[in-house]
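Have a look at run-v4.cif below; it lists mmCIF, C-alpha atoms.
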```cif
data_structure
#
loop_
_atom_site.label_atom_id
_atom_site.label_comp_id
_atom_site.auth_asym_id
_atom_site.auth_seq_id
_atom_site.Cartn_x
_atom_site.Cartn_y
_atom_site.Cartn_z
CA MET A 1 -24.93 18.76 3.78
CA PRO A 2 -27.64 20.90 5.46
CA LEU A 3 -28.91 21.73 1.95
CA SER A 4 -29.49 18.08 1.15
CA GLU A 5 -31.16 17.51 4.51
CA ARG A 6 -33.52 20.39 3.78
CA ILE A 7 -34.35 19.04 0.34
CA GLN A 8 -34.91 15.61 1.83
CA ALA A 9 -37.30 17.08 4.41
CA LEU A 10 -39.18 19.09 1.77
CA ILE A 11 -39.60 16.07 -0.48
CA GLU A 12 -40.95 14.13 2.47
CA GLU A 13 -43.35 16.98 3.29
CA ILE A 14 -44.63 17.28 -0.26
CA GLU A 15 -44.48 13.72 -1.53
CA GLY A 16 -44.81 11.86 1.74
CA GLU A 17 -41.73 9.82 0.96
CA SER A 18 -38.49 9.77 2.91
CA LEU A 19 -35.53 9.34 0.56
CA PRO A 20 -32.25 7.84 1.75
CA LEU A 21 -29.49 10.43 2.14
CA GLY A 22 -25.76 9.83 1.85
CA ILE A 23 -22.60 11.91 2.16
CA LEU A 24 -19.85 11.77 -0.43
CA ASP A 25 -16.28 12.89 0.30
CA ILE A 26 -14.52 13.33 -3.02
CA THR A 27 -11.00 14.03 -1.75
CA LEU A 28 -9.60 10.71 -3.00
CA TYR A 29 -11.02 11.41 -6.46
CA ARG A 30 -9.68 14.95 -6.90
CA ASP A 31 -7.61 15.65 -10.01
CA ASP A 32 -5.45 18.35 -8.42
CA LEU A 33 -3.73 16.41 -5.64
CA THR A 34 -0.34 16.51 -7.33
CA THR A 35 -0.53 20.29 -7.53
CA LEU A 36 -1.22 20.81 -3.82
CA ALA A 37 1.59 21.11 -1.32
CA TYR A 38 -0.13 18.97 1.33
CA GLN A 39 -2.77 16.31 1.26
CA PRO A 40 -6.23 17.60 2.10
CA ILE A 41 -8.04 16.05 5.05
CA VAL A 42 -10.12 13.02 4.06
CA HIS A 43 -13.62 12.97 5.52
CA LYS A 44 -16.09 10.13 5.84
CA THR A 45 -18.14 8.90 2.94
CA GLU A 46 -21.44 7.49 4.15
CA VAL A 47 -23.63 5.92 1.53
CA PRO A 48 -25.35 3.19 3.55
CA PHE A 49 -27.64 2.00 0.76
CA ASN A 50 -27.37 0.32 -2.61
CA LEU A 51 -27.16 2.68 -5.61
CA GLU A 52 -27.82 -0.05 -8.17
CA GLY A 53 -30.61 1.03 -10.53
CA LYS A 54 -31.50 4.08 -8.41
CA LYS A 55 -32.17 7.64 -9.51
CA VAL A 56 -29.63 9.71 -7.64
CA ILE A 57 -29.64 13.46 -7.11
CA LEU A 58 -26.22 14.89 -6.40
CA ILE A 59 -26.43 18.08 -4.34
CA ASP A 60 -23.73 20.73 -3.90
CA ASP A 61 -23.79 24.34 -2.82
CA VAL A 62 -21.79 25.99 -5.62
CA LEU A 63 -21.11 24.80 -9.17
CA TYR A 64 -17.94 26.39 -10.57
CA THR A 65 -15.33 24.56 -12.67
CA GLY A 66 -17.25 21.27 -12.59
CA ARG A 67 -14.21 19.37 -11.34
CA THR A 68 -15.77 18.51 -7.98
CA VAL A 69 -18.82 17.15 -9.79
CA ARG A 70 -16.59 15.07 -12.06
CA ALA A 71 -14.90 13.60 -8.98
CA ALA A 72 -18.27 12.95 -7.36
CA LEU A 73 -19.56 11.18 -10.46
CA ASP A 74 -16.52 8.89 -10.45
CA ALA A 75 -16.96 8.19 -6.75
CA LEU A 76 -20.64 7.35 -7.25
CA MET A 77 -19.89 5.03 -10.17
CA ASP A 78 -17.45 3.11 -7.96
CA MET A 79 -20.28 2.38 -5.54
CA GLY A 80 -22.69 0.88 -8.00
CA ARG A 81 -24.52 1.62 -11.22
CA PRO A 82 -27.31 4.13 -10.69
CA ALA A 83 -30.09 4.32 -13.31
CA GLN A 84 -29.66 8.07 -13.49
CA ILE A 85 -27.67 10.83 -11.79
CA GLN A 86 -28.99 14.39 -11.66
CA LEU A 87 -27.25 17.45 -10.30
CA ALA A 88 -28.83 20.10 -8.08
CA VAL A 89 -26.90 23.21 -6.98
CA LEU A 90 -27.80 26.29 -5.00
CA ILE A 91 -25.54 28.63 -6.98
CA ASP A 92 -24.15 28.25 -10.49
CA ARG A 93 -21.34 30.78 -10.83
CA GLY A 94 -20.18 29.80 -14.33
CA HIS A 95 -16.57 29.25 -15.54
CA ARG A 96 -16.99 25.55 -16.31
CA GLU A 97 -13.81 23.68 -17.25
CA LEU A 98 -15.59 20.41 -18.03
CA PRO A 99 -18.73 19.59 -20.01
CA ILE A 100 -21.00 19.47 -16.96
CA ARG A 101 -24.30 21.24 -16.28
CA ALA A 102 -26.79 21.19 -13.43
CA ASP A 103 -30.34 19.85 -13.73
CA TYR A 104 -31.60 22.13 -10.96
CA VAL A 105 -30.14 25.56 -10.17
CA GLY A 106 -31.21 27.78 -7.27
CA LYS A 107 -29.69 30.90 -8.81
CA ASN A 108 -27.26 31.73 -11.56
CA VAL A 109 -24.69 34.24 -10.28
CA PRO A 110 -22.23 35.59 -12.85
CA THR A 111 -18.84 36.01 -11.19
CA SER A 112 -15.23 36.64 -12.05
CA HIS A 113 -12.33 34.35 -11.12
CA LYS A 114 -11.22 36.98 -8.63
CA GLU A 115 -14.34 36.45 -6.56
CA ILE A 116 -15.30 33.81 -4.03
CA ILE A 117 -18.83 32.63 -3.32
CA SER A 118 -19.46 31.99 0.34
CA VAL A 119 -22.58 30.03 1.26
CA GLU A 120 -23.71 30.20 4.86
CA VAL A 121 -26.48 28.05 6.28
CA LYS A 122 -28.47 28.40 9.50
CA GLU A 123 -27.55 24.93 10.72
CA ILE A 124 -23.82 25.72 10.75
CA ASP A 125 -23.38 29.49 10.53
CA GLY A 126 -26.54 30.66 12.27
CA LYS A 127 -27.95 32.40 9.20
CA ASP A 128 -28.78 31.72 5.58
CA SER A 129 -26.82 33.87 3.16
CA VAL A 130 -24.85 33.79 -0.05
CA LEU A 131 -22.04 36.33 -0.32
CA ILE A 132 -19.80 37.32 -3.21
CA LEU A 133 -16.41 38.15 -1.73
CA GLU A 134 -13.21 39.52 -3.19
CA LYS A 135 -10.38 36.97 -3.15
CA VAL A 136 -7.53 38.10 -0.90
CA GLU A 137 -4.28 37.71 -2.83
CA MET B 1 -6.33 20.22 11.80
CA ILE B 2 -2.71 20.20 10.75
CA ASN B 3 -1.03 19.11 7.53
CA TRP B 4 1.27 16.14 7.16
CA GLN B 5 4.69 17.63 6.40
CA ARG B 6 7.14 14.78 6.89
CA LYS B 7 8.78 12.95 4.04
CA ASP B 8 8.93 9.63 5.88
CA LEU B 9 7.27 7.66 8.65
CA LEU B 10 10.10 6.20 10.69
CA GLY B 11 8.68 5.97 14.18
CA LEU B 12 6.28 7.38 16.74
CA GLN B 13 9.01 8.66 19.03
CA ASP B 14 9.42 11.85 17.04
CA LEU B 15 5.81 12.40 15.96
CA THR B 16 3.62 14.95 17.71
CA ALA B 17 0.25 14.05 19.20
CA ASP B 18 -1.40 16.04 16.41
CA GLU B 19 0.43 14.10 13.71
CA ILE B 20 -0.63 10.80 15.28
CA LYS B 21 -4.22 12.04 15.47
CA LEU B 22 -4.13 13.09 11.82
CA ILE B 23 -3.16 9.54 10.80
CA LEU B 24 -5.86 8.01 13.01
CA ASP B 25 -8.50 10.47 11.73
CA THR B 26 -7.57 9.66 8.14
CA ALA B 27 -7.74 5.91 8.78
CA GLY B 28 -11.48 6.13 9.61
CA PRO B 29 -12.63 7.13 6.11
CA MET B 30 -10.09 4.68 4.62
CA LYS B 31 -11.70 1.82 6.52
CA GLU B 32 -15.05 2.57 4.90
CA ILE B 33 -13.49 1.88 1.49
CA LEU B 34 -12.67 -1.68 2.59
CA PHE B 35 -16.37 -2.48 2.89
CA ARG B 36 -17.38 -1.23 -0.55
CA PRO B 37 -18.24 -3.64 -3.36
CA ILE B 38 -15.45 -1.99 -5.38
CA LYS B 39 -12.55 -1.58 -2.97
CA LYS B 40 -10.54 0.92 -4.97
CA VAL B 41 -10.07 4.67 -5.08
CA PRO B 42 -7.83 6.38 -7.64
CA VAL B 43 -5.81 8.61 -5.32
CA LEU B 44 -2.38 6.96 -5.78
CA ARG B 45 -2.79 6.15 -9.45
CA GLY B 46 0.61 6.09 -11.14
CA LYS B 47 2.57 5.84 -7.88
CA THR B 48 4.88 2.94 -7.20
CA ILE B 49 5.37 1.28 -3.84
CA VAL B 50 8.21 -1.15 -3.21
CA THR B 51 8.36 -3.35 -0.13
CA MET B 52 11.78 -4.51 1.06
CA PHE B 53 11.53 -6.99 3.88
CA TYR B 54 14.83 -8.28 5.23
CA GLU B 55 12.95 -10.19 7.92
CA PRO B 56 10.06 -12.61 7.46
CA SER B 57 6.56 -11.16 7.55
CA THR B 58 3.23 -12.11 6.08
CA ARG B 59 0.68 -9.83 7.59
CA THR B 60 2.54 -6.53 7.60
CA ARG B 61 3.83 -6.96 4.05
CA THR B 62 0.49 -8.17 2.70
CA SER B 63 -1.31 -5.41 4.57
CA PHE B 64 0.91 -2.74 2.99
CA GLU B 65 0.56 -4.32 -0.42
CA LEU B 66 -3.23 -4.40 -0.24
CA ALA B 67 -3.37 -0.88 1.20
CA GLY B 68 -1.38 0.33 -1.80
CA LYS B 69 -3.56 -1.57 -4.26
CA TYR B 70 -6.82 -0.25 -2.75
CA LEU B 71 -5.45 3.25 -3.38
CA SER B 72 -4.56 2.29 -7.00
CA ALA B 73 -0.78 2.37 -6.54
CA ASP B 74 1.41 -0.23 -8.21
CA THR B 75 3.06 -2.39 -5.60
CA VAL B 76 6.12 -4.56 -5.95
CA ASN B 77 7.48 -6.91 -3.32
CA LEU B 78 11.18 -7.58 -3.22
CA ALA B 79 11.99 -10.95 -1.74
CA MET B 80 15.28 -9.99 -0.16
CA SER B 81 16.39 -13.58 0.27
CA THR B 82 16.45 -14.07 -3.52
CA SER B 83 17.74 -10.60 -4.45
CA SER B 84 21.17 -9.15 -5.11
CA VAL B 85 21.56 -8.70 -1.36
CA GLN B 86 22.63 -12.33 -1.44
CA LYS B 87 25.39 -11.32 -3.87
CA GLY B 88 26.69 -8.82 -1.34
CA GLU B 89 24.98 -5.64 -2.47
CA SER B 90 24.88 -3.00 0.27
CA LEU B 91 21.69 -1.52 1.67
CA LYS B 92 22.55 1.81 0.10
CA ASP B 93 23.13 0.41 -3.37
CA THR B 94 19.95 -1.65 -3.24
CA ALA B 95 18.01 1.46 -2.25
CA LEU B 96 19.55 3.65 -4.93
CA THR B 97 18.83 1.00 -7.55
CA ILE B 98 15.18 0.80 -6.58
CA GLU B 99 14.89 4.56 -6.42
CA ALA B 100 16.39 4.79 -9.91
CA MET B 101 13.63 2.49 -11.12
CA GLY B 102 11.12 5.10 -9.98
CA ALA B 103 9.83 3.92 -6.62
CA ASP B 104 7.83 6.63 -4.87
CA ILE B 105 7.54 4.86 -1.53
CA LEU B 106 9.89 2.31 0.02
CA ILE B 107 8.52 0.16 2.80
CA MET B 108 11.25 -1.47 4.76
CA ARG B 109 11.73 -4.03 7.49
CA HIS B 110 15.23 -4.73 8.72
CA GLU B 111 16.82 -6.50 11.65
CA ALA B 112 19.07 -3.52 12.35
CA THR B 113 17.84 -0.55 14.35
CA GLY B 114 17.96 2.61 12.27
CA ALA B 115 18.16 0.93 8.86
CA PRO B 116 15.02 2.74 7.60
CA HIS B 117 16.38 6.03 8.97
CA PHE B 118 19.58 5.53 6.99
CA MET B 119 17.48 4.70 3.94
CA ALA B 120 15.36 7.82 4.39
CA LYS B 121 18.48 9.98 4.27
CA THR B 122 19.87 8.14 1.27
CA VAL B 123 16.93 8.25 -1.14
CA SER B 124 14.40 10.90 -2.08
CA SER B 125 11.61 8.31 -2.13
CA ARG B 126 9.37 8.32 0.93
CA VAL B 127 10.36 5.65 3.44
CA ILE B 128 8.06 3.80 5.82
CA ASN B 129 9.50 1.81 8.67
CA ALA B 130 7.78 -1.58 8.83
CA GLY B 131 9.90 -2.66 11.78
CA ASP B 132 13.57 -2.04 12.56
CA GLY B 133 15.25 -4.43 14.96
CA MET B 134 14.00 -3.98 18.50
CA HIS B 135 13.39 -0.27 17.90
CA GLU B 136 10.08 0.73 16.30
CA HIS B 137 7.13 -0.69 14.41
CA PRO B 138 5.08 2.47 13.99
CA THR B 139 2.27 1.14 11.79
CA GLN B 140 1.53 -1.69 14.23
CA ALA B 141 1.25 0.78 17.12
CA LEU B 142 -0.93 3.06 15.03
CA LEU B 143 -3.32 0.25 14.17
CA ASP B 144 -3.44 -0.77 17.83
CA MET B 145 -4.28 2.83 18.74
CA PHE B 146 -6.87 3.08 15.99
CA THR B 147 -8.55 -0.09 17.31
CA ILE B 148 -8.55 1.34 20.84
CA MET B 149 -10.06 4.62 19.56
CA GLU B 150 -12.80 2.71 17.73
CA LYS B 151 -13.69 0.56 20.72
CA LYS B 152 -13.19 3.08 23.51
CA GLY B 153 -13.90 6.39 21.77
CA SER B 154 -10.67 8.02 22.90
CA ILE B 155 -7.21 7.17 24.20
CA GLU B 156 -6.77 9.97 26.70
CA GLY B 157 -7.14 8.81 30.28
CA LEU B 158 -7.20 5.09 29.47
CA SER B 159 -5.10 2.63 31.36
CA VAL B 160 -3.27 0.29 28.98
CA ALA B 161 -1.19 -2.76 29.94
CA ILE B 162 1.42 -4.11 27.54
CA LEU B 163 2.15 -7.70 28.46
CA GLY B 164 5.01 -9.99 27.54
CA ASP B 165 8.42 -9.83 25.96
CA ILE B 166 8.95 -6.09 26.31
CA LEU B 167 12.73 -6.18 25.81
CA HIS B 168 12.65 -7.52 22.26
CA SER B 169 9.50 -5.75 21.22
CA ARG B 170 9.50 -2.88 18.75
CA VAL B 171 5.70 -3.05 18.98
CA ALA B 172 5.95 -2.26 22.70
CA ARG B 173 8.27 0.69 22.15
CA SER B 174 6.15 2.25 19.43
CA ASN B 175 2.99 1.71 21.48
CA ILE B 176 4.55 3.31 24.54
CA TRP B 177 5.57 6.42 22.60
CA GLY B 178 2.24 6.71 20.82
CA LEU B 179 -0.06 5.97 23.73
CA THR B 180 1.69 8.25 26.20
CA LYS B 181 1.64 11.10 23.68
CA LEU B 182 -2.14 10.74 23.41
CA GLY B 183 -2.52 10.80 27.19
CA ALA B 184 -2.93 7.13 28.12
CA LYS B 185 -1.44 5.65 31.27
CA VAL B 186 0.80 2.78 30.18
CA LYS B 187 1.85 -0.18 32.31
CA VAL B 188 4.35 -2.70 30.98
CA VAL B 189 4.60 -6.16 32.46
CA GLY B 190 6.83 -9.15 31.83
CA PRO B 191 9.55 -11.29 33.37
CA ARG B 192 12.44 -9.34 34.88
CA THR B 193 14.81 -10.68 32.21
CA LEU B 194 12.55 -9.35 29.44
CA LEU B 195 11.71 -6.02 31.08
CA PRO B 196 14.72 -3.78 31.78
CA GLU B 197 14.20 -1.06 34.36
CA GLN B 198 15.22 1.62 31.85
CA PHE B 199 11.73 1.37 30.44
CA ARG B 200 10.57 3.61 33.30
CA GLN B 201 12.40 6.45 31.60
CA LEU B 202 9.79 6.24 28.84
CA GLY B 203 7.12 7.35 31.28
CA VAL B 204 5.54 3.97 31.99
CA GLU B 205 5.01 1.87 35.11
CA THR B 206 6.82 -1.48 35.17
CA TYR B 207 5.41 -4.64 36.73
CA TYR B 208 6.64 -8.19 37.06
CA SER B 209 3.28 -9.62 38.11
CA VAL B 210 0.48 -9.87 35.56
CA GLU B 211 -2.14 -9.89 38.29
CA GLU B 212 -0.93 -6.56 39.68
CA ALA B 213 -0.43 -4.96 36.29
CA ILE B 214 -3.77 -5.70 34.66
CA LYS B 215 -5.96 -4.83 37.63
CA ASP B 216 -8.67 -2.46 36.36
CA VAL B 217 -7.00 -1.69 33.03
CA ASP B 218 -9.06 -0.69 29.96
CA VAL B 219 -6.84 -2.38 27.39
CA ILE B 220 -4.38 -5.28 27.44
CA ASN B 221 -1.99 -5.54 24.52
CA VAL B 222 -0.43 -9.01 24.57
CA LEU B 223 2.90 -9.30 22.77
CA ARG B 224 4.16 -12.29 20.90
CA LEU B 225 6.93 -14.14 22.68
CA GLN B 226 9.66 -13.73 20.07
CA ARG B 227 11.16 -17.16 20.18
CA GLU B 228 13.56 -16.31 17.34
CA ARG B 229 15.11 -13.45 19.35
CA GLN B 230 15.50 -15.21 22.71
CA LYS B 231 19.08 -15.53 23.78
CA LYS B 232 20.01 -18.31 26.14
CA GLY B 233 19.22 -17.84 29.78
CA LEU B 234 16.51 -15.19 29.54
CA LEU B 235 13.68 -17.65 30.08
CA PRO B 236 13.88 -20.88 32.07
CA SER B 237 11.27 -22.55 29.83
CA MET B 238 8.26 -21.79 27.67
CA ARG B 239 6.14 -23.64 30.18
CA GLU B 240 7.18 -21.44 33.03
CA TYR B 241 6.64 -18.33 30.95
CA SER B 242 3.17 -19.44 30.04
CA ARG B 243 2.33 -20.40 33.63
CA LEU B 244 3.29 -16.95 34.93
CA TYR B 245 2.48 -14.62 32.04
CA CYS B 246 -0.11 -16.18 29.74
CA LEU B 247 -3.27 -14.07 29.53
CA THR B 248 -5.89 -16.56 30.68
CA ARG B 249 -9.59 -16.10 31.28
CA GLU B 250 -9.02 -16.00 35.03
CA ARG B 251 -6.39 -13.28 34.76
CA LEU B 252 -8.51 -11.28 32.31
CA LYS B 253 -11.23 -11.05 34.98
CA LEU B 254 -8.94 -8.76 36.97
CA ALA B 255 -9.12 -6.08 34.28
CA LYS B 256 -12.20 -3.92 33.74
CA PRO B 257 -15.18 -6.05 32.66
CA ASP B 258 -15.16 -4.45 29.21
CA ALA B 259 -11.37 -4.48 28.84
CA LEU B 260 -10.17 -4.79 25.27
CA VAL B 261 -7.63 -7.50 24.36
CA LEU B 262 -5.19 -6.87 21.52
CA HIS B 263 -2.43 -8.98 20.01
CA PRO B 264 -0.24 -7.95 17.05
CA GLY B 265 -0.01 -11.52 15.74
CA PRO B 266 1.12 -14.07 14.86
CA MET B 267 -0.10 -15.65 18.09
CA ASN B 268 1.54 -18.42 20.07
CA ARG B 269 -1.72 -19.79 21.46
CA GLY B 270 -1.28 -21.25 24.91
CA ILE B 271 2.04 -19.45 25.46
CA GLU B 272 1.30 -15.72 25.78
CA ILE B 273 -2.46 -15.85 25.27
CA ALA B 274 -5.00 -18.59 26.02
CA SER B 275 -7.05 -19.74 23.05
CA ASP B 276 -10.39 -18.94 24.68
CA VAL B 277 -9.23 -15.37 25.36
CA ALA B 278 -7.93 -14.95 21.81
CA ASP B 279 -11.27 -16.10 20.39
CA GLY B 280 -13.33 -14.40 23.10
CA LEU B 281 -15.65 -11.43 22.85
CA GLN B 282 -13.21 -9.00 24.41
CA ALA B 283 -10.53 -9.68 21.80
CA ALA B 284 -10.35 -7.54 18.67
CA ILE B 285 -7.48 -9.40 17.08
CA GLU B 286 -9.06 -9.99 13.68
CA GLU B 287 -10.34 -6.45 13.59
CA GLN B 288 -6.79 -5.26 14.22
CA VAL B 289 -5.83 -6.86 10.91
CA THR B 290 -8.57 -4.99 9.03
CA ASN B 291 -7.66 -1.78 10.82
CA GLY B 292 -4.04 -2.36 9.85
CA VAL B 293 -4.94 -2.03 6.18
CA ALA B 294 -6.94 1.16 6.86
CA VAL B 295 -4.12 2.76 8.88
CA ARG B 296 -1.56 1.90 6.20
CA MET B 297 -3.82 3.38 3.53
CA ALA B 298 -3.95 6.57 5.59
CA ILE B 299 -0.16 6.71 5.86
CA LEU B 300 0.41 6.02 2.17
CA TYR B 301 -2.09 8.75 1.31
CA LEU B 302 -0.58 11.32 3.67
CA LEU B 303 3.00 10.64 2.59
CA MET B 304 2.20 11.04 -1.10
CA GLY B 305 1.12 14.65 -0.75
CA GLY B 306 1.57 16.71 -3.91
CA ASN B 307 4.56 18.91 -4.55
CA ARG B 308 6.48 17.93 -1.46
CA ASP B 309 9.87 17.88 -3.14
CA GLU B 310 9.71 21.60 -3.74
CA VAL B 311 8.36 22.36 -0.30
CA ALA B 312 10.56 20.11 1.79
CA ALA B 313 13.86 20.67 -0.02
#
```
How would this structure read if it were set down as structure tokens?
Amino acid sequence: MPLSERIQALIEEIEGESLPLGILDITLYRDDLTTLAYQPIVHKTEVPFNLEGKKVILIDDVLYTGRTVRAALDALMDMGRPAQIQLAVLIDRGHRELPIRADYVGKNVPTSHKEIISVEVKEIDGKDSVLILEKVE
Amino acid sequence: MINWQRKDLLGLQDLTADEIKLILDTAGPMKEILFRPIKKVPVLRGKTIVTMFYEPSTRTRTSFELAGKYLSADTVNLAMSTSSVQKGESLKDTALTIEAMGADILIMRHEATGAPHFMAKTVSSRVINAGDGMHEHPTQALLDMFTIMEKKGSIEGLSVAILGDILHSRVARSNIWGLTKLGAKVKVVGPRTLLPEQFRQLGVETYYSVEEAIKDVDVINVLRLQRERQKKGLLPSMREYSRLYCLTRERLKLAKPDALVLHPGPMNRGIEIASDVADGLQAAIEEQVTNGVAVRMAILYLLMGGNRDEVAA
């Protein structure tokens, strides 16, 4: 979320245009709900504008299997018919399980499945950092 | 935040405050779906919901059915008056039959207290109590609480009056359990014959005068006078009831100026609530109906959590 706010602010600074910003919660579109023991918390989706015929940029911090993006695409399609959807991510860590790629990538970071990428942002964590951590089994 | 771990939703009496909050917090995002051009999300795709209503109902049954459809579940309504129940089939056999057909969630209303609890023990399908006798109607209380949260921001510290036929009301009981758990002060008010003193044991104040009870309250929940449940002798006449207990504009002035008026419906206009109050700015009765769908979507979602069978055992 802070990432998209920053991009929105930068676009406004450079282009002089303020783009509408929405939040998408993709919980209800996940494909792994039957494999989880408990239902994940559902958060608010706020897309207070019409997507019909718009160019939409989907922003996420980390691109991994591509399943979250698939869910997000389905959620977006249910809200209207955008002219185009592009994908921007801060980190692409590989290991795609679906035919999905990003249009804009901050940095490609090769990882193994045993690792976790942790993105911290100033607005929430007090500092900007991207860490590669070892998964605790 | 906690996880939802129960198989069934049978009542608010045995839920924790955190469990109630989880349902209310989940209902918020569900409500947003109702205002989309395409009111459907795929989360319960391939799940089957069966409603079994042994007592008449339009809004609760329809609300559950729509909630299920908005989440992409398949919903089937059993009209119990035309089913095998009429041929003498027992509750248990009916339930086992429906379970064998692959129902994932059974939604049940029954005139006997505890019928959904019995059902929950009998079948492995999830069971939701949509009203059992004079006992509980948890989803109605949850939608009332959700409406209060939306209008007042929080439930803790609020003063809530429940007005009317307390004795016969499962809505009152569920509201009392839910509201007190979330820290509201609850006052119940009605005629002596419809308000047994034992209600004080539930941690509420009892009143026989509307004027006294609703003074400075934040919320008034007006109950339907259940004419079908009245036994002889409890009420002298409808007219007297309405003269003493109807929520009129004059009486409403005694509550806080921004007091919220709720009614679970269907309304007996002019008996328990005056028409101008029901249609007034302080009433959120129509919004309660919308919120009812959102709350039921939240419950259906939470109950259908993944691999529960293995976890719960």
Distance table requested - chain B against chain A, cut-off 9 Å, all atoms listed in the file: one row per qualifying residue with the closest atom pair and its distance in Å to one decimal, ordered by chain and rising residue number, as JSON lines.
```
{"residue": "B:Met1", "atom": "CA", "partner": "A:Ile41", "partner_atom": "CA", "distance": 8.1}
{"residue": "B:Ile2", "atom": "CA", "partner": "A:Ile41", "partner_atom": "CA", "distance": 8.8}
{"residue": "B:Asn3", "atom": "CA", "partner": "A:Tyr38", "partner_atom": "CA", "distance": 6.3}
{"residue": "B:Trp4", "atom": "CA", "partner": "A:Tyr38", "partner_atom": "CA", "distance": 6.6}
{"residue": "B:Gln5", "atom": "CA", "partner": "A:Tyr38", "partner_atom": "CA", "distance": 7.1}
{"residue": "B:Leu22", "atom": "CA", "partner": "A:Ile41", "partner_atom": "CA", "distance": 8.4}
{"residue": "B:Asp25", "atom": "CA", "partner": "A:Val42", "partner_atom": "CA", "distance": 8.2}
{"residue": "B:Thr26", "atom": "CA", "partner": "A:Val42", "partner_atom": "CA", "distance": 5.9}
{"residue": "B:Ala27", "atom": "CA", "partner": "A:Val42", "partner_atom": "CA", "distance": 8.9}
{"residue": "B:Gly28", "atom": "CA", "partner": "A:Lys44", "partner_atom": "CA", "distance": 7.2}
{"residue": "B:Pro29", "atom": "CA", "partner": "A:Lys44", "partner_atom": "CA", "distance": 4.6}
{"residue": "B:Met30", "atom": "CA", "partner": "A:Lys44", "partner_atom": "CA", "distance": 8.2}
{"residue": "B:Glu32", "atom": "CA", "partner": "A:Thr45", "partner_atom": "CA", "distance": 7.3}
{"residue": "B:Ile33", "atom": "CA", "partner": "A:Thr45", "partner_atom": "CA", "distance": 8.5}
{"residue": "B:Arg36", "atom": "CA", "partner": "A:Met79", "partner_atom": "CA", "distance": 6.8}
{"residue": "B:Pro37", "atom": "CA", "partner": "A:Met79", "partner_atom": "CA", "distance": 6.7}
{"residue": "B:Ile38", "atom": "CA", "partner": "A:Asp78", "partner_atom": "CA", "distance": 6.1}
{"residue": "B:Lys39", "atom": "CA", "partner": "A:Asp78", "partner_atom": "CA", "distance": 8.4}
{"residue": "B:Lys40", "atom": "CA", "partner": "A:Asp78", "partner_atom": "CA", "distance": 7.8}
{"residue": "B:Val41", "atom": "CA", "partner": "A:Leu28", "partner_atom": "CA", "distance": 6.4}
{"residue": "B:Pro42", "atom": "CA", "partner": "A:Tyr29", "partner_atom": "CA", "distance": 6.1}
{"residue": "B:Val43", "atom": "CA", "partner": "A:Leu28", "partner_atom": "CA", "distance": 4.9}
{"residue": "B:Leu44", "atom": "CA", "partner": "A:Leu28", "partner_atom": "CA", "distance": 8.6}
{"residue": "B:Leu71", "atom": "CA", "partner": "A:Leu28", "partner_atom": "CA", "distance": 8.5}
{"residue": "B:Tyr301", "atom": "CA", "partner": "A:Gln39", "partner_atom": "CA", "distance": 7.6}
{"residue": "B:Leu302", "atom": "CA", "partner": "A:Gln39", "partner_atom": "CA", "distance": 6.0}
{"residue": "B:Leu303", "atom": "CA", "partner": "A:Gln39", "partner_atom": "CA", "distance": 8.2}
{"residue": "B:Met304", "atom": "CA", "partner": "A:Gln39", "partner_atom": "CA", "distance": 7.6}
{"residue": "B:Gly305", "atom": "CA", "partner": "A:Gln39", "partner_atom": "CA", "distance": 4.7}
{"residue": "B:Gly306", "atom": "CA", "partner": "A:Thr34", "partner_atom": "CA", "distance": 3.9}
{"residue": "B:Asn307", "atom": "CA", "partner": "A:Ala37", "partner_atom": "CA", "distance": 4.9}
{"residue": "B:Arg308", "atom": "CA", "partner": "A:Ala37", "partner_atom": "CA", "distance": 5.8}
{"residue": "B:Glu310", "atom": "CA", "partner": "A:Ala37", "partner_atom": "CA", "distance": 8.5}
{"residue": "B:Val311", "atom": "CA", "partner": "A:Ala37", "partner_atom": "CA", "distance": 7.0}
```
On this file, the PyMOL selection byres ((chain B and resi 257-273) around 9) gives some set of residues; write that set as JSON, numbers by chain.
{"B": [59, 140, 141, 144, 147, 148, 151, 152, 163, 164, 171, 216, 217, 218, 219, 220, 221, 222, 223, 224, 225, 238, 239, 241, 242, 243, 245, 246, 247, 248, 252, 253, 254, 255, 256, 274, 275, 276, 277, 278, 281, 282, 283, 284, 285, 288, 289]}
Which of these residues is nearest to Thr111 in chain A, using all atoms listed in the file: A:Lys135, A:Arg93, A:Lys55, A:Arg70?
A:Arg93
When the PyMOL selection byres ((chain B and resi 63) around 10) is applied to the structure above, which residues does it catch, written out as number ranges by chain?
B: 58-62, 64-69, 289-297
Contacts of Glu111 in chain B within 9 Å, all atoms listed in the file, excl. fewer than 4 positions in-chain, as a PyMOL selection string
chain B and resi 54-55+115+131-134
Give me a file of those residues, with C-alpha atoms, as a PDB file, in the frame of the given file.
```
ATOM      1  CA  TYR B  54      14.830  -8.280   5.230  1.00  0.00           C
ATOM      2  CA  GLU B  55      12.950 -10.190   7.920  1.00  0.00           C
ATOM      3  CA  ALA B 115      18.160   0.930   8.860  1.00  0.00           C
ATOM      4  CA  GLY B 131       9.900  -2.660  11.780  1.00  0.00           C
ATOM      5  CA  ASP B 132      13.570  -2.040  12.560  1.00  0.00           C
ATOM      6  CA  GLY B 133      15.250  -4.430  14.960  1.00  0.00           C
ATOM      7  CA  MET B 134      14.000  -3.980  18.500  1.00  0.00           C
TER       8      MET B 134
END
```
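With all atoms listed in the file as the basis for measurement, B:Met52 is the residue among B:Met52, B:Leu142, B:Leu9, B:Ala73 that approaches His110 in chain B most closely.
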